[in-house]
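Q: Below is query-v4.cif; it holds mmCIF, C-alpha atoms.
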```
data_my_file
loop_
_atom_site.label_atom_id
_atom_site.label_comp_id
_atom_site.auth_asym_id
_atom_site.auth_seq_id
_atom_site.Cartn_x
_atom_site.Cartn_y
_atom_site.Cartn_z
CA MET A 839 1.49 -20.87 27.66
CA ARG A 840 2.45 -19.69 24.20
CA THR A 841 6.12 -19.98 23.41
CA GLY A 842 8.35 -19.51 20.43
CA LEU A 843 7.05 -17.73 17.37
CA TYR A 844 3.47 -17.83 16.23
CA ARG A 845 1.29 -15.94 13.81
CA ARG A 846 -2.09 -14.33 13.90
CA ARG A 847 -4.64 -14.25 11.11
CA VAL A 848 -3.88 -11.76 8.36
CA PRO A 849 -6.43 -9.98 6.17
CA GLY A 850 -6.03 -10.65 2.48
CA PRO A 851 -7.72 -10.35 -0.88
CA VAL A 852 -11.43 -11.03 -0.67
CA GLY A 853 -12.14 -14.64 -1.45
CA SER A 854 -8.54 -15.81 -1.03
CA ALA A 855 -8.18 -19.21 0.57
CA GLY A 856 -6.70 -19.65 4.01
CA VAL A 857 -6.66 -15.95 4.84
CA GLY A 858 -8.47 -14.50 7.81
CA SER A 859 -10.73 -11.51 7.82
CA ARG A 860 -9.55 -9.60 10.90
CA ALA A 861 -8.45 -6.11 9.97
CA VAL A 862 -5.03 -4.95 11.14
CA ALA A 863 -3.35 -1.59 11.64
CA ILE A 864 -6.38 0.47 10.65
CA VAL A 865 -5.38 4.11 10.96
CA VAL A 866 -7.96 6.38 12.57
CA ALA A 867 -7.69 9.70 10.80
CA MET A 868 -9.68 12.59 9.37
CA PRO A 869 -9.86 11.35 5.77
CA SER A 870 -10.51 14.60 3.94
CA GLN A 871 -7.74 16.52 5.70
CA GLY A 872 -5.32 13.61 5.40
CA PHE A 873 -5.99 13.08 1.74
CA GLU A 874 -5.84 16.78 0.88
CA ALA A 875 -2.55 17.07 2.77
CA ARG A 876 -1.12 14.24 0.66
CA LEU A 877 -2.34 15.95 -2.51
CA GLU A 878 -0.71 19.18 -1.40
CA ARG A 879 2.58 17.37 -0.90
CA LEU A 880 2.19 15.87 -4.38
CA VAL A 881 1.64 19.29 -5.95
CA GLU A 882 4.55 20.81 -4.03
CA SER A 883 6.91 17.97 -4.86
CA THR A 884 9.45 18.05 -7.64
CA PHE A 885 6.87 16.26 -9.75
CA GLY A 886 4.35 19.04 -9.17
CA ARG A 887 6.82 21.81 -9.90
CA ILE A 888 7.86 20.43 -13.27
CA PHE A 889 4.36 19.43 -14.34
CA ARG A 890 3.81 21.06 -17.75
CA SER A 891 0.20 20.48 -18.73
CA ASP A 892 -3.26 22.01 -18.53
CA LEU A 893 -4.02 19.09 -16.22
CA GLN A 894 -3.52 19.44 -12.49
CA PRO A 895 -1.87 16.53 -10.63
CA ALA A 896 -4.25 17.01 -7.69
CA GLU A 897 -7.27 16.38 -9.94
CA PHE A 898 -6.01 12.88 -10.70
CA GLY A 899 -5.98 12.21 -6.97
CA ARG A 900 -9.42 13.66 -6.32
CA LYS A 901 -10.96 11.57 -9.07
CA LEU A 902 -9.29 8.46 -7.65
CA ARG A 903 -10.67 9.17 -4.17
CA ARG A 904 -14.20 9.79 -5.47
CA ALA A 905 -14.10 6.51 -7.39
CA MET A 906 -13.09 4.65 -4.23
CA ASP A 907 -15.65 6.34 -2.00
CA ASP A 908 -18.62 6.36 -4.38
CA HIS A 909 -18.42 2.72 -5.52
CA ARG A 910 -17.42 0.83 -2.40
CA VAL A 911 -19.05 -2.52 -1.71
CA VAL A 912 -19.50 -4.38 1.58
CA SER A 913 -18.43 -8.02 1.24
CA ALA A 914 -20.12 -11.01 2.82
CA ALA A 915 -17.45 -10.88 5.54
CA GLY A 916 -18.41 -7.29 6.34
CA ARG A 917 -15.33 -5.67 4.81
CA THR A 918 -15.58 -2.57 2.63
CA VAL A 919 -14.11 -3.41 -0.77
CA VAL A 920 -13.05 -0.70 -3.24
CA ALA A 921 -11.56 -0.43 -6.71
CA ASN A 922 -7.91 -1.32 -7.12
CA ARG A 923 -7.54 -0.78 -10.88
CA PHE A 924 -7.54 2.86 -12.06
CA ASP A 925 -7.32 3.62 -15.79
CA PHE A 926 -7.02 7.34 -16.55
CA THR A 927 -7.55 8.71 -20.07
CA VAL A 928 -6.36 12.15 -21.22
CA ALA A 929 -6.08 14.05 -24.48
CA PRO A 930 -3.05 13.27 -26.69
CA VAL A 931 -1.64 16.79 -26.17
CA ASP A 932 -1.79 16.30 -22.40
CA ALA A 933 -0.24 12.86 -22.70
CA ASP A 934 2.65 14.42 -24.62
CA ALA A 935 3.14 16.94 -21.80
CA LEU A 936 3.26 14.06 -19.32
CA GLU A 937 5.91 12.16 -21.26
CA GLY A 938 8.75 11.11 -19.02
CA MET A 939 6.67 11.58 -15.86
CA LEU A 940 4.08 8.83 -16.23
CA GLY A 941 5.96 6.37 -14.03
CA THR A 942 6.16 8.92 -11.22
CA LEU A 943 2.51 9.84 -11.61
CA ARG A 944 1.37 6.22 -11.49
CA ARG A 945 3.43 5.51 -8.36
CA GLU A 946 2.18 8.63 -6.59
CA LEU A 947 -1.45 7.78 -7.37
CA ALA A 948 -1.03 4.18 -6.22
CA GLU A 949 0.37 5.42 -2.90
CA LEU A 950 -2.56 7.83 -2.53
CA ALA A 951 -5.01 4.96 -3.07
CA ARG A 952 -3.27 2.80 -0.46
CA ALA A 953 -3.11 5.62 2.09
CA HIS A 954 -6.79 6.46 1.60
CA ALA A 955 -7.70 2.80 2.03
CA ARG A 956 -5.75 2.69 5.30
CA ASP A 957 -7.49 5.84 6.54
CA GLU A 958 -10.95 4.49 5.75
CA GLY A 959 -10.43 0.81 6.55
CA TYR A 960 -11.01 -0.22 2.91
CA VAL A 961 -9.62 -3.43 1.42
CA PHE A 962 -8.64 -4.39 -2.14
CA VAL A 963 -9.17 -7.66 -4.01
CA GLY A 964 -5.80 -7.41 -5.76
CA PRO A 965 -2.75 -5.16 -6.17
CA VAL A 966 -3.29 -1.47 -6.87
CA GLU A 967 -2.60 -0.65 -10.52
CA VAL A 968 -2.73 2.71 -12.28
CA SER A 969 -2.50 3.44 -16.00
CA VAL A 970 -2.62 6.68 -17.99
CA VAL A 971 -3.43 6.51 -21.73
CA ASP A 972 -4.51 9.02 -24.36
CA ASP A 973 -7.57 9.18 -26.59
CA VAL A 974 -8.47 11.76 -29.23
CA ALA A 975 -12.07 11.65 -27.97
CA VAL A 976 -11.01 13.30 -24.68
CA ALA A 977 -10.89 17.10 -24.61
CA ARG A 978 -7.68 18.89 -23.66
CA GLY A 979 -7.45 19.51 -19.92
CA THR A 980 -9.95 16.74 -19.17
CA ILE A 981 -9.36 13.56 -17.18
CA GLU A 982 -11.55 10.49 -17.52
CA LEU A 983 -11.28 7.57 -15.11
CA ASP A 984 -12.41 3.97 -15.31
CA ALA A 985 -12.07 2.43 -11.83
CA ARG A 986 -12.89 -1.19 -11.06
CA MET A 987 -12.13 -4.13 -8.82
CA VAL A 988 -9.68 -6.61 -10.35
CA GLU A 989 -8.65 -9.73 -8.46
CA GLY A 990 -4.96 -10.61 -8.36
CA VAL A 991 -3.67 -13.34 -10.68
CA GLY A 992 -4.80 -16.65 -9.25
CA ALA A 993 -6.18 -14.72 -6.26
CA LEU A 994 -2.73 -15.12 -4.70
CA PRO A 995 -0.97 -12.41 -2.67
CA PRO A 996 1.99 -10.75 -4.44
CA GLY A 997 4.45 -11.60 -1.69
CA SER A 998 4.94 -13.32 1.65
CA LEU A 999 7.07 -13.44 4.77
CA LEU A 1000 8.59 -16.84 5.50
CA LEU A 1001 8.78 -17.38 9.26
CA PRO A 1002 11.34 -19.61 11.02
CA THR A 1003 8.50 -22.04 11.75
CA GLY A 1004 7.96 -22.54 8.02
CA ASP A 1005 4.67 -20.63 8.09
CA ARG A 1006 4.05 -18.00 5.44
CA VAL A 1007 2.38 -14.66 6.12
CA PRO A 1008 0.73 -13.43 2.89
CA LEU A 1009 1.27 -9.81 1.94
CA GLY A 1010 -1.14 -7.64 0.02
CA GLU A 1011 -2.76 -4.21 0.05
CA TYR A 1012 -2.76 -3.95 3.83
CA VAL A 1013 -0.28 -3.37 6.64
CA VAL A 1014 1.29 -6.31 8.50
CA SER A 1015 2.41 -5.34 12.03
CA ILE A 1016 5.20 -7.21 13.84
CA GLY A 1017 6.05 -7.21 17.54
CA ARG A 1018 5.40 -8.77 20.95
CA HIS A 1019 2.00 -7.08 21.42
CA ASP A 1020 -0.94 -9.46 21.11
CA ASP A 1021 -2.64 -7.12 18.63
CA CYS A 1022 0.19 -7.41 16.11
CA THR A 1023 -0.40 -9.40 12.94
CA VAL A 1024 2.76 -11.42 13.60
CA VAL A 1025 3.42 -11.88 17.32
CA LEU A 1026 7.02 -12.75 18.21
CA ALA A 1027 7.84 -14.28 21.60
CA ASP A 1028 11.32 -12.77 21.45
CA PRO A 1029 12.42 -10.59 24.41
CA ASN A 1030 14.63 -8.55 22.04
CA VAL A 1031 11.59 -7.54 19.97
CA SER A 1032 9.63 -4.42 20.96
CA ARG A 1033 5.91 -4.59 21.62
CA ASN A 1034 5.24 -2.71 18.38
CA HIS A 1035 8.47 -3.31 16.51
CA ALA A 1036 7.90 -2.84 12.77
CA GLU A 1037 5.44 -2.94 9.89
CA VAL A 1038 5.55 -4.32 6.36
CA ARG A 1039 3.58 -1.98 4.09
CA PRO A 1040 2.70 -1.93 0.39
CA SER A 1041 5.04 0.55 -1.28
CA GLY A 1042 5.55 1.37 -4.94
CA ASP A 1043 5.42 -1.87 -6.91
CA GLY A 1044 6.18 -4.02 -3.86
CA PHE A 1045 6.58 -3.82 -0.10
CA ALA A 1046 8.68 -1.93 2.44
CA VAL A 1047 9.63 -2.83 6.00
CA VAL A 1048 9.41 0.15 8.37
CA ASP A 1049 10.91 0.19 11.86
CA LEU A 1050 8.59 1.77 14.44
CA GLY A 1051 11.32 3.13 16.69
CA SER A 1052 12.08 -0.26 18.20
CA THR A 1053 14.67 -0.58 20.96
CA ASN A 1054 16.96 -3.02 19.15
CA GLY A 1055 16.17 -1.94 15.61
CA THR A 1056 15.32 -3.76 12.39
CA LYS A 1057 18.02 -5.14 10.11
CA VAL A 1058 17.86 -6.18 6.46
CA ASN A 1059 20.65 -8.48 5.34
CA GLY A 1060 22.62 -7.43 8.43
CA VAL A 1061 22.22 -3.66 7.96
CA ARG A 1062 20.07 -1.64 10.36
CA VAL A 1063 17.32 0.27 8.55
CA ALA A 1064 14.58 2.75 9.31
CA GLU A 1065 12.73 1.87 6.10
CA HIS A 1066 13.72 -0.49 3.31
CA GLN A 1067 12.11 -1.54 0.02
CA LEU A 1068 12.11 -5.34 0.14
CA ARG A 1069 13.59 -7.48 -2.62
CA PRO A 1070 13.09 -11.23 -3.08
CA GLY A 1071 15.31 -13.16 -0.72
CA ASP A 1072 15.90 -10.29 1.74
CA GLU A 1073 16.43 -11.52 5.30
CA VAL A 1074 14.84 -9.24 7.88
CA ARG A 1075 15.87 -9.47 11.54
CA PHE A 1076 13.58 -8.35 14.34
CA GLY A 1077 15.52 -8.83 17.59
CA ASN A 1078 16.87 -12.38 17.32
CA THR A 1079 14.20 -13.52 14.89
CA VAL A 1080 14.91 -13.67 11.16
CA VAL A 1081 12.21 -13.83 8.49
CA ARG A 1082 12.67 -13.94 4.72
CA PHE A 1083 10.75 -11.95 2.15
CA GLU A 1084 9.69 -13.86 -0.95
CA ALA A 1085 7.80 -12.55 -3.97
CA SER A 1086 4.94 -14.75 -5.15
#
```
Starting from the coordinates I provided, produce the structure as structure tokens.

A:
Amino acid sequence: MRTGLYRRRVPGPVGSAGVGSRAVAIVVAMPSQGFEARLERLVESTFGRIFRSDLQPAEFGRKLRRAMDDHRVVSAAGRTVVANRFDFTVAPVDADALEGMLGTLRRELAELARAHARDEGYVFVGPVEVSVVDDVAVARGTIELDARMVEGVGALPPGSLLLPTGDRVPLGEYVVSIGRHDDCTVVLADPNVSRNHAEVRPSGDGFAVVDLGSTNGTKVNGVRVAEHQLRPGDEVRFGNTVVRFEAS
């Protein structure tokens, strides 16, 4: 009989040591409709409304998706690996129009890449990174994209969950599910934990813990949360079990 707290294998960057290859929390969706809906929300957001350029924010997203879909590679382990580094180049006049909004644009595009990877079951070899630079060789209103696979520094995950047992669950560009259900990434033998209690997802430049409507809730540093961007040292409580988030 299994007792206490134990962990299941977690997918990680291709080639990383000590990380299993079983996929977790793959979302079954209609990719084109899901992606287009996300683009529509991007265009209708505050960012889209104040966008002052010949460029269209949705075109950045469509180029990113095409780069992921058209250049995917199947690894030796049978996983579909896609680009995680996206370098966009625009004309100087368009770059000037984007001034002050580049941080928002990069974050939105990174989230689109992660969501599309979840929809399709893709994996990354390192963290998702997006840059936007200008070049006089690029015509006004034109977007050029160089997309490639770039392994994380030292092939290490950019964060981890420290369990009460002392085990570490590596975090990366995938979803880590937590609960009592055997299919969860981290299975907790805690009667106060729901079967599908919460998830830790890549978000922005880091990770967020998201409660899945659990009975007893999820707390971060003693405060109940629905969703919370994790910071190094945060203590997350699921039922009576506390784990600590640490940045690598």

Q: Which residue is closest to A:Asp973? Choose from A:Thr927, A:Asn1034, A:Thr942, A:Ser998 and count only C-alpha atoms.

A: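 Going through A:Thr927, A:Asn1034, A:Thr942, A:Ser998 one by one, the smallest distance to A:Asp973 is for A:Thr927.
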
Q: Between A:Val970, A:Val961, A:Val1047, A:Thr1056, which is the closest to A:Glu982 once you count all atoms listed in the file?

A: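 Among A:Val970, A:Val961, A:Val1047, A:Thr1056, it is A:Val970 that comes nearest to A:Glu982.
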
Q: Closest to A:Ala975 among A:Gly1071, A:Gly1051, A:Pro930, A:Gly941, using all atoms listed in the file?

A: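 Checking each candidate against A:Ala975, we get A:Pro930 as the closest.
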
Q: Please compute the atom CA of A:Gly959-atom CA of A:Gly1017 distance, one decimal, in Å.

A: 21.4 Å

Q: Take the PyMOL selection byres ((chain A and resi 1066) around 12), apply it to the structure above, and return the hits as a list in words.

A: Ala1036, Glu1037, Val1038, Arg1039, Pro1040, Ser1041, Gly1042, Gly1044, Phe1045, Ala1046, Val1047, Val1048, Asp1049, Thr1056, Lys1057, Val1058, Asn1059, Val1061, Arg1062, Val1063, Ala1064, Glu1065, Gln1067, Leu1068, Arg1069, Asp1072, Glu1073, Val1074 and Phe1083 of chain A

Q: Grab the atom CA of A:Gly997 to atom CA of A:Glu1084 distance for me, in Å with one decimal place.

A: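 Computing the Euclidean distance for atom CA of A:Gly997 and atom CA of A:Glu1084 yields 5.8 Å.
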
Q: Can you pull out every residue within 12 Å of A:Val976, counting all atoms listed in the file, but drop anything in the same chain fewer than 6 positions away, and send it as a PyMOL selection string?

A: chain A and resi 926-933+982-983

Q: Could you state the separation of atom CA of A:Gly1060 and atom CA of A:Asn1078 in Å, given to one decimal place?

A: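 Separating atom CA of A:Gly1060 from atom CA of A:Asn1078 is a distance of 11.7 Å.
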
Q: Skipping near chain neighbours, those fewer than 2 positions away, what residues fall within 10 Å of A:Arg944 using all atoms listed in the file, listed as a PyMOL selection string?

A: chain A and resi 898+924+926+939-942+946-950+967-970+1042

Q: Given the file above and the PyMOL selection byres ((chain A and resi 905) around 9), which residues are selected, and can you give them as a list in words?

A: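 Matching residues under the PyMOL selection byres ((chain A and resi 905) around 9) are Arg900, Lys901, Leu902, Arg903, Arg904, Met906, Asp907, Asp908, His909, Arg910, Val920, Ala921, Phe924, Leu983, Asp984, Ala985 and Arg986 of chain A.
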
Q: Please evaluate the PyMOL selection byres ((chain A and resi 922) around 6) against the displayed coordinates and give the resulting residues as a ChimeraX atom specification.

A: /A:921,923,962,966,987

Q: Rank A:Gln894, A:Arg1082, A:Phe1076, A:Ala1027 by their smallest atom-to-atom distance to A:Thr980, using all atoms listed in the file, and report the top residue only.

A: A:Gln894

Q: Should you be able to, write stretch 887-930 of chain A of this structure into a file that contains N, CA and C atoms, as a PDB file, in the first residue's frame.

A:
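The resulting result-v4.pdb:
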```pdb
ATOM      1  N   ARG A 887      -6.139  47.621 -28.450  1.00  0.00           N
ATOM      2  CA  ARG A 887      -6.819  48.892 -28.717  1.00  0.00           C
ATOM      3  C   ARG A 887      -5.857  50.067 -28.831  1.00  0.00           C
ATOM      4  N   ILE A 888      -4.725  49.991 -28.124  1.00  0.00           N
ATOM      5  CA  ILE A 888      -3.809  51.132 -28.172  1.00  0.00           C
ATOM      6  C   ILE A 888      -2.638  50.876 -29.118  1.00  0.00           C
ATOM      7  N   PHE A 889      -2.700  49.782 -29.853  1.00  0.00           N
ATOM      8  CA  PHE A 889      -1.645  49.450 -30.798  1.00  0.00           C
ATOM      9  C   PHE A 889      -1.633  50.487 -31.908  1.00  0.00           C
ATOM     10  N   ARG A 890      -0.517  51.182 -32.094  1.00  0.00           N
ATOM     11  CA  ARG A 890      -0.435  52.257 -33.087  1.00  0.00           C
ATOM     12  C   ARG A 890       0.678  51.947 -34.078  1.00  0.00           C
ATOM     13  N   SER A 891       0.386  51.058 -35.015  1.00  0.00           N
ATOM     14  CA  SER A 891       1.389  50.657 -35.991  1.00  0.00           C
ATOM     15  C   SER A 891       0.692  50.058 -37.193  1.00  0.00           C
ATOM     16  N   ASP A 892       1.414  50.034 -38.341  1.00  0.00           N
ATOM     17  CA  ASP A 892       0.889  49.332 -39.507  1.00  0.00           C
ATOM     18  C   ASP A 892       0.852  47.829 -39.260  1.00  0.00           C
ATOM     19  N   LEU A 893       1.594  47.368 -38.279  1.00  0.00           N
ATOM     20  CA  LEU A 893       1.609  45.947 -37.947  1.00  0.00           C
ATOM     21  C   LEU A 893       0.335  45.580 -37.191  1.00  0.00           C
ATOM     22  N   GLN A 894      -0.076  44.331 -37.339  1.00  0.00           N
ATOM     23  CA  GLN A 894      -1.226  43.827 -36.607  1.00  0.00           C
ATOM     24  C   GLN A 894      -0.752  42.843 -35.543  1.00  0.00           C
ATOM     25  N   PRO A 895      -1.183  43.001 -34.276  1.00  0.00           N
ATOM     26  CA  PRO A 895      -0.719  42.090 -33.229  1.00  0.00           C
ATOM     27  C   PRO A 895      -1.028  40.637 -33.533  1.00  0.00           C
ATOM     28  N   ALA A 896      -2.157  40.369 -34.216  1.00  0.00           N
ATOM     29  CA  ALA A 896      -2.514  38.985 -34.529  1.00  0.00           C
ATOM     30  C   ALA A 896      -1.512  38.344 -35.476  1.00  0.00           C
ATOM     31  N   GLU A 897      -0.882  39.137 -36.346  1.00  0.00           N
ATOM     32  CA  GLU A 897       0.063  38.564 -37.304  1.00  0.00           C
ATOM     33  C   GLU A 897       1.304  38.034 -36.600  1.00  0.00           C
ATOM     34  N   PHE A 898       1.719  38.673 -35.519  1.00  0.00           N
ATOM     35  CA  PHE A 898       2.824  38.123 -34.729  1.00  0.00           C
ATOM     36  C   PHE A 898       2.467  36.709 -34.269  1.00  0.00           C
ATOM     37  N   GLY A 899       1.246  36.562 -33.756  1.00  0.00           N
ATOM     38  CA  GLY A 899       0.819  35.263 -33.248  1.00  0.00           C
ATOM     39  C   GLY A 899       0.714  34.211 -34.326  1.00  0.00           C
ATOM     40  N   ARG A 900       0.207  34.579 -35.486  1.00  0.00           N
ATOM     41  CA  ARG A 900       0.065  33.599 -36.568  1.00  0.00           C
ATOM     42  C   ARG A 900       1.424  33.138 -37.075  1.00  0.00           C
ATOM     43  N   LYS A 901       2.382  34.049 -37.155  1.00  0.00           N
ATOM     44  CA  LYS A 901       3.723  33.649 -37.565  1.00  0.00           C
ATOM     45  C   LYS A 901       4.345  32.702 -36.539  1.00  0.00           C
ATOM     46  N   LEU A 902       4.129  32.988 -35.273  1.00  0.00           N
ATOM     47  CA  LEU A 902       4.654  32.131 -34.212  1.00  0.00           C
ATOM     48  C   LEU A 902       4.065  30.728 -34.324  1.00  0.00           C
ATOM     49  N   ARG A 903       2.762  30.633 -34.529  1.00  0.00           N
ATOM     50  CA  ARG A 903       2.124  29.317 -34.644  1.00  0.00           C
ATOM     51  C   ARG A 903       2.655  28.555 -35.857  1.00  0.00           C
ATOM     52  N   ARG A 904       2.778  29.237 -36.991  1.00  0.00           N
ATOM     53  CA  ARG A 904       3.287  28.549 -38.190  1.00  0.00           C
ATOM     54  C   ARG A 904       4.693  28.020 -37.968  1.00  0.00           C
ATOM     55  N   ALA A 905       5.515  28.806 -37.278  1.00  0.00           N
ATOM     56  CA  ALA A 905       6.889  28.372 -37.008  1.00  0.00           C
ATOM     57  C   ALA A 905       6.897  27.121 -36.137  1.00  0.00           C
ATOM     58  N   MET A 906       5.999  27.057 -35.161  1.00  0.00           N
ATOM     59  CA  MET A 906       5.915  25.881 -34.298  1.00  0.00           C
ATOM     60  C   MET A 906       5.419  24.661 -35.076  1.00  0.00           C
ATOM     61  N   ASP A 907       4.373  24.855 -35.866  1.00  0.00           N
ATOM     62  CA  ASP A 907       3.756  23.729 -36.569  1.00  0.00           C
ATOM     63  C   ASP A 907       4.605  23.209 -37.731  1.00  0.00           C
ATOM     64  N   ASP A 908       5.252  24.120 -38.448  1.00  0.00           N
ATOM     65  CA  ASP A 908       5.950  23.729 -39.680  1.00  0.00           C
ATOM     66  C   ASP A 908       7.336  23.139 -39.433  1.00  0.00           C
ATOM     67  N   HIS A 909       7.903  23.363 -38.252  1.00  0.00           N
ATOM     68  CA  HIS A 909       9.277  22.909 -38.001  1.00  0.00           C
ATOM     69  C   HIS A 909       9.382  22.036 -36.756  1.00  0.00           C
ATOM     70  N   ARG A 910       8.321  21.320 -36.453  1.00  0.00           N
ATOM     71  CA  ARG A 910       8.357  20.426 -35.293  1.00  0.00           C
ATOM     72  C   ARG A 910       9.185  19.182 -35.604  1.00  0.00           C
ATOM     73  N   VAL A 911       9.775  18.636 -34.561  1.00  0.00           N
ATOM     74  CA  VAL A 911      10.649  17.464 -34.694  1.00  0.00           C
ATOM     75  C   VAL A 911      10.226  16.434 -33.664  1.00  0.00           C
ATOM     76  N   VAL A 912      10.210  15.159 -34.060  1.00  0.00           N
ATOM     77  CA  VAL A 912       9.889  14.082 -33.129  1.00  0.00           C
ATOM     78  C   VAL A 912      11.191  13.564 -32.528  1.00  0.00           C
ATOM     79  N   SER A 913      11.283  13.605 -31.198  1.00  0.00           N
ATOM     80  CA  SER A 913      12.498  13.182 -30.505  1.00  0.00           C
ATOM     81  C   SER A 913      12.589  11.667 -30.453  1.00  0.00           C
ATOM     82  N   ALA A 914      13.745  11.190 -29.989  1.00  0.00           N
ATOM     83  CA  ALA A 914      13.952   9.748 -29.862  1.00  0.00           C
ATOM     84  C   ALA A 914      12.952   9.129 -28.896  1.00  0.00           C
ATOM     85  N   ALA A 915      12.468   9.927 -27.950  1.00  0.00           N
ATOM     86  CA  ALA A 915      11.493   9.430 -26.969  1.00  0.00           C
ATOM     87  C   ALA A 915      10.065   9.496 -27.496  1.00  0.00           C
ATOM     88  N   GLY A 916       9.906   9.980 -28.736  1.00  0.00           N
ATOM     89  CA  GLY A 916       8.585  10.039 -29.335  1.00  0.00           C
ATOM     90  C   GLY A 916       7.814  11.303 -29.047  1.00  0.00           C
ATOM     91  N   ARG A 917       8.460  12.294 -28.436  1.00  0.00           N
ATOM     92  CA  ARG A 917       7.789  13.559 -28.145  1.00  0.00           C
ATOM     93  C   ARG A 917       7.988  14.538 -29.298  1.00  0.00           C
ATOM     94  N   THR A 918       6.994  15.386 -29.498  1.00  0.00           N
ATOM     95  CA  THR A 918       7.067  16.383 -30.571  1.00  0.00           C
ATOM     96  C   THR A 918       7.663  17.664 -30.016  1.00  0.00           C
ATOM     97  N   VAL A 919       8.866  17.988 -30.476  1.00  0.00           N
ATOM     98  CA  VAL A 919       9.617  19.135 -29.974  1.00  0.00           C
ATOM     99  C   VAL A 919       9.481  20.300 -30.946  1.00  0.00           C
ATOM    100  N   VAL A 920       9.262  21.505 -30.404  1.00  0.00           N
ATOM    101  CA  VAL A 920       9.091  22.692 -31.244  1.00  0.00           C
ATOM    102  C   VAL A 920       9.979  23.822 -30.745  1.00  0.00           C
ATOM    103  N   ALA A 921      10.074  24.861 -31.557  1.00  0.00           N
ATOM    104  CA  ALA A 921      10.889  26.024 -31.206  1.00  0.00           C
ATOM    105  C   ALA A 921      10.411  26.665 -29.912  1.00  0.00           C
ATOM    106  N   ASN A 922      11.361  27.175 -29.154  1.00  0.00           N
ATOM    107  CA  ASN A 922      11.030  27.904 -27.928  1.00  0.00           C
ATOM    108  C   ASN A 922      11.654  29.300 -27.907  1.00  0.00           C
ATOM    109  N   ARG A 923      12.468  29.617 -28.922  1.00  0.00           N
ATOM    110  CA  ARG A 923      13.061  30.946 -29.032  1.00  0.00           C
ATOM    111  C   ARG A 923      12.516  31.607 -30.289  1.00  0.00           C
ATOM    112  N   PHE A 924      11.875  32.772 -30.130  1.00  0.00           N
ATOM    113  CA  PHE A 924      11.234  33.469 -31.240  1.00  0.00           C
ATOM    114  C   PHE A 924      11.779  34.896 -31.317  1.00  0.00           C
ATOM    115  N   ASP A 925      12.531  35.189 -32.371  1.00  0.00           N
ATOM    116  CA  ASP A 925      13.120  36.514 -32.563  1.00  0.00           C
ATOM    117  C   ASP A 925      12.424  37.201 -33.739  1.00  0.00           C
ATOM    118  N   PHE A 926      11.604  38.201 -33.426  1.00  0.00           N
ATOM    119  CA  PHE A 926      10.889  38.957 -34.450  1.00  0.00           C
ATOM    120  C   PHE A 926      11.713  40.182 -34.842  1.00  0.00           C
ATOM    121  N   THR A 927      11.681  40.526 -36.132  1.00  0.00           N
ATOM    122  CA  THR A 927      12.352  41.731 -36.627  1.00  0.00           C
ATOM    123  C   THR A 927      11.350  42.576 -37.400  1.00  0.00           C
ATOM    124  N   VAL A 928      11.325  43.878 -37.111  1.00  0.00           N
ATOM    125  CA  VAL A 928      10.403  44.801 -37.769  1.00  0.00           C
ATOM    126  C   VAL A 928      11.180  46.018 -38.242  1.00  0.00           C
ATOM    127  N   ALA A 929      10.518  46.861 -39.014  1.00  0.00           N
ATOM    128  CA  ALA A 929      11.141  48.091 -39.489  1.00  0.00           C
ATOM    129  C   ALA A 929      11.315  49.074 -38.326  1.00  0.00           C
ATOM    130  N   PRO A 930      12.321  49.946 -38.388  1.00  0.00           N
ATOM    131  CA  PRO A 930      12.532  50.921 -37.304  1.00  0.00           C
ATOM    132  C   PRO A 930      11.295  51.761 -37.002  1.00  0.00           C
TER     133      PRO A 930
END
```
